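Participant: Got a structure here, written out as structure tokens. Questions coming.
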Amino acid sequence: MDAQGPGGAGDFDPADQWVFDPNTGNYELRLNPAETSADDTTELRRVSRTSSRDGATDSEPRGRRRAAKREPEQEKETGPVSRRKPKPKKSKAKKALYWGSGTLAFLLVGGSAAAYFIYQHLNGNISKVDVGENNAAVSDGPMNILLIGTDRRDGKGNEGYGDAGSVGHADTTLLFHVSEDRSNATVLSIPRDMITDIPDCRTKQKDGSFKTIPGESEVRFNTSLGQEGRDPGCTWQTVEKLTGLEINHFMMADFNAIKEMSTAVGGVEVCLGKDINDPKSHLNLSKGRHTIKGEEALAFVRTRHAVGYGGDLDRIKLQQQFLSALMRKMKSSGTLTSPGKMWDLAQSATKALTVDTGIGTVSKLASLGKNLSKVDLKNVTFVTVPVVDNTDGATVLLDKTKAEPLFAMVRQDVSLTEVKKKEKAAKDKQAARLKGPKADPADVRVKVLNGSGQFGAAQETVDWMQNTEGMLRTSNGGNAPSESKKTTLEYAPNQADQARRLADSMGLPASAMKEGTKDAEPMAEMTLTLGADFKGAGTPISAPTKAPKDIQRVEADDKNVCAK
């Protein structure tokens, strides 16, 4: 898709359209305010709002609109009109850029990385794929954004890279989880060569019809995209099945993104623990710190044969280091105060960007970016999904003993960094529900509903409670009215001791405890609804408080990481 320029005129720098607003502390877009009258400014705001709402490109050029010349008779009796041009009214257009305070809209692209800035007039650059999900741009709860880098994208600057014979693989994939209170984020890097199962996925064809692509068992993760006609929705479903996390949106970009992005910010500083000369990626750098951009930046995040054991896991380390450094550069450098750099970044980013329909306009992307802007880089952790070597020497297998606790932490919004919670008092009050006397198992009365989506889960739990835990007064309530994401226990205040006993046996987190306001009848049952987080009777539902040892991780604010 052709990039749209800032307007119809070609005799001005688009950076000159940005004006600092002291009322908001941000740069805002003004369309040549020095030559725009107050009336025209009002009209431009109206057109801008319409464009944002409809996601359409205005037919009328968005460049300069010259105001009518002032006639001499405009002078009033009190004296001549001032020669100073009238100050344009405050623009109500949406902010073009949301990164400040650590906004984390970025994409790792097939061995590349890109940071995405939002610009009001670049809707035409954004490509969209209908994956059968049309979620709201912003959610009040935790958010999971799938970031895909593909090794094959059409367009200038991508020649000579990746899989020339197909539409590409899911060459680099990250799941970006942002906590409900926006205090922290965890970024899961999924190895492309990990053996996994790909479910059936329904894809939308160019003619508007739908086609179901059959799933495959025990294949490389990267074949979840492009192969057999699979689109990003297939990767979306594969990651959901793998992690148990519900994805809100996806972003995908191409090889060319990293070259243009790294150049636009003036280069990114990286560190090497040894000299590297990799003829395959064309990276040739000496030991120490370097500021890289363009082709050299792309070579850095694509190289793997010259670091570590020469595999994809070592390449992931380079990518995580690069992304962390790019994010620090965006936040600390003059990028945010440079209209010219913001324009270059916006142009580069949107030309490389493909997203789901839920965030398929600039205004929606801006809303998403603004919502995530509270996350501080010191509370962002990159972690590689734990794997073990396969017997073939070329692929890896999921290390379930380490991966499942890690996934459980992300599912239950447990941060991998020490975060000062904003709602500590409320959380302490919730946690207090687990403290206090516990009823004898024989006195626990509970009805179990199955909202997990797993066949027979309610009966399995009842059998375990009665035969293993001695809770004989339990019953199977059948299926819940609808499937539930999380397991919950509803009880009355006078059943609190029973609830604590059950929570202790099942390993329920404090967030699962739903205490009512009125006491129940003496023989009344509590209601336990099993959710998607239910992994089997006797398996604790609450997530661990600390990540498994010896997992590959990088803190986004760590400047001392050096690849070896």
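As shown in the structure tokens, the chain order sets the letters A, B, ...; within each chain, residues go from 1, and ligands are also counted from 1 in the order they appear.
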DSSP on the backbone: what in region 201-380 of chain A comes out alpha helix (DSSP H), as a short mmCIF file (atom, residue, chain, number, x, y, z; two decimals) with N, CA, C and O atoms, in the first residue's frame?
Facilitator:
data_model
loop_
_atom_site.label_atom_id
_atom_site.label_comp_id
_atom_site.auth_asym_id
_atom_site.auth_seq_id
_atom_site.Cartn_x
_atom_site.Cartn_y
_atom_site.Cartn_z
N PRO A 232 -2.54 -14.75 10.20
CA PRO A 232 -2.18 -14.48 11.60
C PRO A 232 -3.18 -15.04 12.61
O PRO A 232 -2.82 -15.29 13.76
N GLY A 233 -4.43 -15.24 12.17
CA GLY A 233 -5.41 -15.82 13.08
C GLY A 233 -5.03 -17.24 13.49
O GLY A 233 -5.36 -17.69 14.60
N CYS A 234 -4.34 -17.96 12.62
CA CYS A 234 -3.90 -19.32 12.95
C CYS A 234 -2.79 -19.28 14.00
O CYS A 234 -2.76 -20.11 14.92
N THR A 235 -1.88 -18.32 13.88
CA THR A 235 -0.86 -18.15 14.91
C THR A 235 -1.51 -17.74 16.22
O THR A 235 -1.12 -18.20 17.31
N TRP A 236 -2.49 -16.85 16.12
CA TRP A 236 -3.28 -16.39 17.29
C TRP A 236 -3.83 -17.60 18.04
O TRP A 236 -3.64 -17.73 19.27
N GLN A 237 -4.53 -18.50 17.33
CA GLN A 237 -5.15 -19.66 17.97
C GLN A 237 -4.11 -20.63 18.51
O GLN A 237 -4.31 -21.26 19.55
N THR A 238 -2.98 -20.76 17.82
CA THR A 238 -1.91 -21.65 18.28
C THR A 238 -1.34 -21.17 19.61
O THR A 238 -1.10 -21.97 20.52
N VAL A 239 -1.13 -19.86 19.73
CA VAL A 239 -0.58 -19.31 20.97
C VAL A 239 -1.58 -19.42 22.11
O VAL A 239 -1.22 -19.70 23.25
N GLU A 240 -2.86 -19.19 21.82
CA GLU A 240 -3.87 -19.34 22.86
C GLU A 240 -3.90 -20.77 23.39
O GLU A 240 -4.00 -21.00 24.61
N LYS A 241 -3.82 -21.73 22.49
CA LYS A 241 -3.84 -23.13 22.90
C LYS A 241 -2.59 -23.47 23.70
O LYS A 241 -2.64 -24.23 24.68
N LEU A 242 -1.47 -22.92 23.32
CA LEU A 242 -0.20 -23.21 23.98
C LEU A 242 -0.14 -22.64 25.38
O LEU A 242 0.29 -23.31 26.33
N THR A 243 -0.58 -21.38 25.56
CA THR A 243 -0.39 -20.66 26.81
C THR A 243 -1.61 -20.62 27.71
O THR A 243 -1.49 -20.37 28.91
N ASN A 256 11.69 -4.77 6.55
CA ASN A 256 12.13 -3.40 6.29
C ASN A 256 11.89 -2.47 7.48
O ASN A 256 12.53 -1.44 7.61
N ALA A 257 10.99 -2.86 8.39
CA ALA A 257 10.64 -2.00 9.51
C ALA A 257 11.84 -1.66 10.38
O ALA A 257 12.05 -0.51 10.75
N ILE A 258 12.64 -2.67 10.70
CA ILE A 258 13.76 -2.42 11.61
C ILE A 258 14.79 -1.48 11.00
O ILE A 258 15.36 -0.63 11.67
N LYS A 259 14.99 -1.59 9.70
CA LYS A 259 15.98 -0.72 9.05
C LYS A 259 15.55 0.73 9.13
O LYS A 259 16.34 1.61 9.48
N GLU A 260 14.29 0.99 8.82
CA GLU A 260 13.82 2.36 8.81
C GLU A 260 13.63 2.91 10.22
O GLU A 260 13.92 4.07 10.50
N MET A 261 13.12 2.07 11.13
CA MET A 261 12.91 2.53 12.50
C MET A 261 14.21 2.88 13.20
O MET A 261 14.34 3.91 13.84
N SER A 262 15.19 1.99 13.11
CA SER A 262 16.47 2.24 13.78
C SER A 262 17.15 3.47 13.21
O SER A 262 17.83 4.21 13.93
N THR A 263 16.98 3.70 11.92
CA THR A 263 17.55 4.90 11.30
C THR A 263 16.82 6.16 11.76
O THR A 263 17.45 7.19 12.05
N ALA A 264 15.50 6.07 11.87
CA ALA A 264 14.71 7.23 12.26
C ALA A 264 15.04 7.73 13.66
O ALA A 264 14.98 8.92 13.92
N GLY A 294 19.76 0.77 10.34
CA GLY A 294 19.64 0.30 8.98
C GLY A 294 19.97 -1.17 8.81
O GLY A 294 19.57 -2.03 9.59
N GLU A 295 20.72 -1.48 7.76
CA GLU A 295 21.08 -2.86 7.45
C GLU A 295 21.85 -3.50 8.60
O GLU A 295 21.69 -4.70 8.87
N GLU A 296 22.69 -2.74 9.28
CA GLU A 296 23.47 -3.28 10.37
C GLU A 296 22.57 -3.69 11.54
O GLU A 296 22.81 -4.71 12.19
N ALA A 297 21.54 -2.89 11.80
CA ALA A 297 20.59 -3.24 12.87
C ALA A 297 19.84 -4.52 12.51
O ALA A 297 19.63 -5.39 13.36
N LEU A 298 19.42 -4.63 11.25
CA LEU A 298 18.73 -5.84 10.82
C LEU A 298 19.64 -7.05 10.94
O LEU A 298 19.21 -8.13 11.38
N ALA A 299 20.91 -6.90 10.56
CA ALA A 299 21.86 -8.00 10.68
C ALA A 299 22.03 -8.43 12.13
O ALA A 299 22.15 -9.62 12.44
N PHE A 300 22.02 -7.47 13.05
CA PHE A 300 22.21 -7.77 14.47
C PHE A 300 21.09 -8.67 14.99
O PHE A 300 21.35 -9.66 15.68
N VAL A 301 19.85 -8.34 14.68
CA VAL A 301 18.75 -9.11 15.23
C VAL A 301 18.46 -10.38 14.43
O VAL A 301 17.65 -11.21 14.86
N ARG A 302 19.13 -10.55 13.28
CA ARG A 302 18.96 -11.78 12.50
C ARG A 302 20.08 -12.78 12.73
O ARG A 302 19.92 -13.97 12.45
N ASP A 312 18.37 -20.63 17.34
CA ASP A 312 17.36 -19.59 17.43
C ASP A 312 17.24 -19.02 18.84
O ASP A 312 16.93 -17.83 19.01
N LEU A 313 17.50 -19.83 19.86
CA LEU A 313 17.41 -19.34 21.24
C LEU A 313 18.43 -18.25 21.50
O LEU A 313 18.16 -17.29 22.24
N ASP A 314 19.60 -18.37 20.89
CA ASP A 314 20.61 -17.33 21.05
C ASP A 314 20.24 -16.08 20.27
O ASP A 314 20.52 -14.96 20.68
N ARG A 315 19.60 -16.26 19.12
CA ARG A 315 19.13 -15.12 18.36
C ARG A 315 18.06 -14.37 19.14
O ARG A 315 18.00 -13.13 19.11
N ILE A 316 17.22 -15.08 19.86
CA ILE A 316 16.19 -14.45 20.68
C ILE A 316 16.82 -13.53 21.71
O ILE A 316 16.30 -12.43 22.00
N LYS A 317 17.95 -13.93 22.28
CA LYS A 317 18.64 -13.07 23.25
C LYS A 317 19.04 -11.74 22.62
O LYS A 317 18.91 -10.68 23.24
N LEU A 318 19.54 -11.80 21.39
CA LEU A 318 19.91 -10.57 20.69
C LEU A 318 18.68 -9.69 20.44
O LEU A 318 18.72 -8.48 20.60
N GLN A 319 17.61 -10.33 20.05
CA GLN A 319 16.39 -9.58 19.78
C GLN A 319 15.86 -8.90 21.04
O GLN A 319 15.42 -7.75 20.99
N GLN A 320 15.90 -9.60 22.14
CA GLN A 320 15.41 -9.03 23.40
C GLN A 320 16.30 -7.86 23.83
O GLN A 320 15.81 -6.84 24.33
N GLN A 321 17.62 -8.02 23.65
CA GLN A 321 18.53 -6.92 23.97
C GLN A 321 18.24 -5.70 23.09
O GLN A 321 18.17 -4.57 23.57
N PHE A 322 18.05 -5.95 21.80
CA PHE A 322 17.82 -4.85 20.86
C PHE A 322 16.50 -4.14 21.18
O PHE A 322 16.44 -2.91 21.19
N LEU A 323 15.44 -4.90 21.39
CA LEU A 323 14.15 -4.29 21.70
C LEU A 323 14.21 -3.44 22.96
O LEU A 323 13.67 -2.34 23.01
N SER A 324 14.86 -3.97 23.99
CA SER A 324 14.99 -3.22 25.24
C SER A 324 15.72 -1.91 25.00
O SER A 324 15.32 -0.84 25.49
N ALA A 325 16.81 -1.98 24.22
CA ALA A 325 17.59 -0.77 23.94
C ALA A 325 16.80 0.21 23.09
O ALA A 325 16.87 1.44 23.29
N LEU A 326 16.03 -0.30 22.13
CA LEU A 326 15.21 0.56 21.29
C LEU A 326 14.17 1.30 22.13
O LEU A 326 13.93 2.49 21.96
N MET A 327 13.54 0.58 23.04
CA MET A 327 12.53 1.19 23.90
C MET A 327 13.14 2.27 24.79
O MET A 327 12.56 3.34 24.97
N ARG A 328 14.33 1.99 25.32
CA ARG A 328 15.01 3.01 26.15
C ARG A 328 15.36 4.23 25.32
O ARG A 328 15.23 5.37 25.78
N LYS A 329 15.80 3.98 24.08
CA LYS A 329 16.17 5.09 23.21
C LYS A 329 14.96 5.96 22.90
O LYS A 329 15.02 7.19 22.92
N MET A 330 13.84 5.33 22.63
CA MET A 330 12.64 6.07 22.30
C MET A 330 12.18 6.93 23.47
O MET A 330 11.68 8.03 23.29
N LYS A 331 12.37 6.42 24.66
CA LYS A 331 11.88 7.14 25.83
C LYS A 331 12.84 8.23 26.29
O LYS A 331 12.41 9.29 26.76
N SER A 332 14.15 8.01 26.16
CA SER A 332 15.10 8.93 26.76
C SER A 332 15.70 9.93 25.79
O SER A 332 16.20 10.97 26.21
N PRO A 339 9.56 16.67 16.07
CA PRO A 339 8.48 16.40 15.11
C PRO A 339 8.96 15.67 13.86
O PRO A 339 8.26 14.80 13.34
N GLY A 340 10.14 16.01 13.39
CA GLY A 340 10.65 15.35 12.20
C GLY A 340 10.86 13.87 12.41
O GLY A 340 10.52 13.05 11.57
N LYS A 341 11.44 13.50 13.56
CA LYS A 341 11.65 12.09 13.86
C LYS A 341 10.31 11.37 14.03
O LYS A 341 10.15 10.23 13.60
N MET A 342 9.36 12.04 14.67
CA MET A 342 8.06 11.41 14.85
C MET A 342 7.39 11.13 13.52
O MET A 342 6.74 10.10 13.33
N TRP A 343 7.54 12.07 12.60
CA TRP A 343 6.95 11.87 11.28
C TRP A 343 7.59 10.68 10.58
O TRP A 343 6.91 9.82 10.03
N ASP A 344 8.92 10.60 10.59
CA ASP A 344 9.62 9.49 9.96
C ASP A 344 9.21 8.16 10.57
O ASP A 344 9.01 7.16 9.87
N LEU A 345 9.12 8.15 11.90
CA LEU A 345 8.74 6.92 12.59
C LEU A 345 7.32 6.50 12.22
O LEU A 345 7.04 5.32 11.98
N ALA A 346 6.42 7.46 12.20
CA ALA A 346 5.03 7.15 11.89
C ALA A 346 4.90 6.60 10.47
O ALA A 346 4.19 5.62 10.22
N GLN A 347 5.59 7.23 9.53
CA GLN A 347 5.56 6.77 8.15
C GLN A 347 6.09 5.34 8.04
O GLN A 347 5.48 4.46 7.44
N SER A 348 7.26 5.11 8.64
CA SER A 348 7.90 3.80 8.55
C SER A 348 7.05 2.72 9.20
O SER A 348 6.88 1.63 8.66
N ALA A 349 6.52 3.04 10.38
CA ALA A 349 5.79 2.05 11.16
C ALA A 349 4.52 1.62 10.47
O ALA A 349 4.24 0.43 10.31
N THR A 350 3.71 2.58 10.06
CA THR A 350 2.41 2.22 9.50
C THR A 350 2.54 1.54 8.14
O THR A 350 1.69 0.73 7.78
N LYS A 351 3.57 1.84 7.38
CA LYS A 351 3.75 1.16 6.11
C LYS A 351 4.09 -0.31 6.31
O LYS A 351 3.81 -1.14 5.46
N ALA A 352 4.69 -0.63 7.47
CA ALA A 352 5.10 -2.01 7.73
C ALA A 352 4.05 -2.79 8.52
O ALA A 352 4.18 -3.98 8.72
N VAL A 362 -5.93 4.33 12.73
CA VAL A 362 -4.96 5.08 13.52
C VAL A 362 -5.56 5.49 14.86
O VAL A 362 -4.90 5.43 15.89
N SER A 363 -6.81 5.92 14.85
CA SER A 363 -7.43 6.37 16.10
C SER A 363 -7.53 5.22 17.11
O SER A 363 -7.34 5.42 18.31
N LYS A 364 -7.84 4.02 16.63
CA LYS A 364 -7.91 2.87 17.54
C LYS A 364 -6.54 2.50 18.07
O LYS A 364 -6.38 2.15 19.24
N LEU A 365 -5.54 2.55 17.20
CA LEU A 365 -4.17 2.28 17.65
C LEU A 365 -3.73 3.33 18.67
O LEU A 365 -3.04 3.02 19.64
N ALA A 366 -4.13 4.58 18.44
CA ALA A 366 -3.80 5.64 19.38
C ALA A 366 -4.44 5.38 20.74
O ALA A 366 -3.82 5.58 21.79
N SER A 367 -5.69 4.92 20.74
CA SER A 367 -6.37 4.61 22.00
C SER A 367 -5.65 3.48 22.73
O SER A 367 -5.48 3.53 23.95
N LEU A 368 -5.22 2.47 21.98
CA LEU A 368 -4.48 1.37 22.58
C LEU A 368 -3.17 1.86 23.17
O LEU A 368 -2.81 1.53 24.31
N GLY A 369 -2.43 2.67 22.40
CA GLY A 369 -1.16 3.19 22.89
C GLY A 369 -1.31 4.03 24.14
O GLY A 369 -0.54 3.92 25.09
N LYS A 370 -2.34 4.87 24.16
CA LYS A 370 -2.58 5.72 25.32
C LYS A 370 -2.89 4.88 26.54
O LYS A 370 -2.42 5.15 27.65
N ASN A 371 -3.67 3.82 26.36
CA ASN A 371 -4.04 2.96 27.47
C ASN A 371 -2.84 2.25 28.07
O ASN A 371 -2.79 1.99 29.28
N LEU A 372 -1.85 1.93 27.24
CA LEU A 372 -0.68 1.20 27.72
C LEU A 372 0.46 2.10 28.18
O LEU A 372 1.48 1.62 28.64
#
Participant: Using the chain letters and numbers from this document, which residues of region 287-492 of chain A does DSSP assign to strand (DSSP E or B), as a ChimeraX atom specification?
Facilitator: /A:288-292,354-356,380-384,387-389,396-398,446-450,474-479,488-491
Participant: What is the CA of Thr539 (chain A)-CA of Thr417 (chain A) distance in Å, reported with one decimal?
Facilitator: 25.1 Å
Participant: Rank A:Ala556, A:Val561, A:Met465, A:Ala457 by their smallest atom-to-atom distance to Ala442 (chain A), using only C-alpha atoms, and report the top residue only.
Facilitator: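 Counting only C-alpha atoms, the residue closest to Ala442 (chain A) is A:Met465.
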Participant: With distances taken over only C-alpha atoms, which residue among A:Ala563, A:Ala394, A:Leu502, A:Val444 lies nearest Gly273 (chain A)?
Facilitator: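 That would be A:Ala563, the residue with the smallest distance to Gly273 (chain A).
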Participant: In Å, with one decimal, what is the gap from CA of Ser209 (chain A) to CA of Asp171 (chain A)?
Facilitator: 27.4 Å
Participant: Between A:Asn450, A:Thr474, A:Thr203, A:Thr172, which is the closest to Asp254 (chain A) once you count only C-alpha atoms?
Facilitator: A:Thr172
Participant: Near Val446 (chain A), within 10 Å and counting only C-alpha atoms, which residues show up once chain neighbours fewer than 5 positions away are dropped, as a VMD selection string?
Facilitator: chain A and resid 462 471 to 477 489 to 491 498 to 499 502 524 to 528
Participant: If we count only C-alpha atoms, what is near Asp275 (chain A) at a cut-off of 8 Å, once residues fewer than 6 positions away on the same chain are taken out, given as a PyMOL selection string?
Facilitator: chain A and resi 284-287
Participant: Keeping all heavy atoms, export the residues of the selection given above as an mmCIF file, in the first residue's frame.
Facilitator:
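Below you can see part.cif, which holds the result:
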data_model
loop_
_atom_site.group_PDB
_atom_site.id
_atom_site.type_symbol
_atom_site.label_atom_id
_atom_site.label_comp_id
_atom_site.auth_asym_id
_atom_site.auth_seq_id
_atom_site.Cartn_x
_atom_site.Cartn_y
_atom_site.Cartn_z
ATOM 1 N N ASN A 284 29.215 -7.712 11.149
ATOM 2 C CA ASN A 284 30.651 -7.686 11.421
ATOM 3 C C ASN A 284 30.924 -6.561 12.417
ATOM 4 O O ASN A 284 31.064 -5.399 12.031
ATOM 5 C CB ASN A 284 31.440 -7.479 10.134
ATOM 6 C CG ASN A 284 32.944 -7.624 10.338
ATOM 7 O OD1 ASN A 284 33.416 -7.826 11.452
ATOM 8 N ND2 ASN A 284 33.706 -7.528 9.259
ATOM 9 N N LEU A 285 30.966 -6.902 13.709
ATOM 10 C CA LEU A 285 31.171 -5.921 14.763
ATOM 11 C C LEU A 285 32.204 -6.435 15.759
ATOM 12 O O LEU A 285 32.272 -7.643 16.032
ATOM 13 C CB LEU A 285 29.864 -5.635 15.510
ATOM 14 C CG LEU A 285 28.773 -4.863 14.762
ATOM 15 C CD1 LEU A 285 27.519 -4.793 15.624
ATOM 16 C CD2 LEU A 285 29.249 -3.468 14.385
ATOM 17 N N SER A 286 32.971 -5.535 16.319
ATOM 18 C CA SER A 286 33.964 -5.908 17.325
ATOM 19 C C SER A 286 33.329 -5.957 18.703
ATOM 20 O O SER A 286 32.211 -5.476 18.918
ATOM 21 C CB SER A 286 35.105 -4.890 17.324
ATOM 22 O OG SER A 286 34.603 -3.590 17.631
ATOM 23 N N LYS A 287 34.025 -6.517 19.636
ATOM 24 C CA LYS A 287 33.563 -6.586 21.025
ATOM 25 C C LYS A 287 33.346 -5.182 21.580
ATOM 26 O O LYS A 287 34.108 -4.269 21.296
ATOM 27 C CB LYS A 287 34.600 -7.331 21.868
ATOM 28 C CG LYS A 287 34.283 -7.392 23.352
ATOM 29 C CD LYS A 287 35.390 -8.121 24.095
ATOM 30 C CE LYS A 287 35.126 -8.145 25.597
ATOM 31 N NZ LYS A 287 36.215 -8.860 26.324
#
Participant: To one decimal place, how far is CA of Glu269 (chain A) from CA of Arg304 (chain A) in Å?
Facilitator: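 CA of Arg304 (chain A) lies at a distance of 18.6 Å from CA of Glu269 (chain A).
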Participant: Could you give me, as a list in words, the residues within 8 Å of Arg500 (chain A), counting only C-alpha atoms and dropping anything in the same chain fewer than 6 positions from it?
Facilitator: Arg433, Leu434, Lys435, Gly436, Pro437, Lys438 and Ala439 of chain A
Participant: When you count only C-alpha atoms, which of these residues is closest to Ile551 (chain A): A:Phe250, A:Phe221, A:Phe382, A:Phe176?
Facilitator: A:Phe382
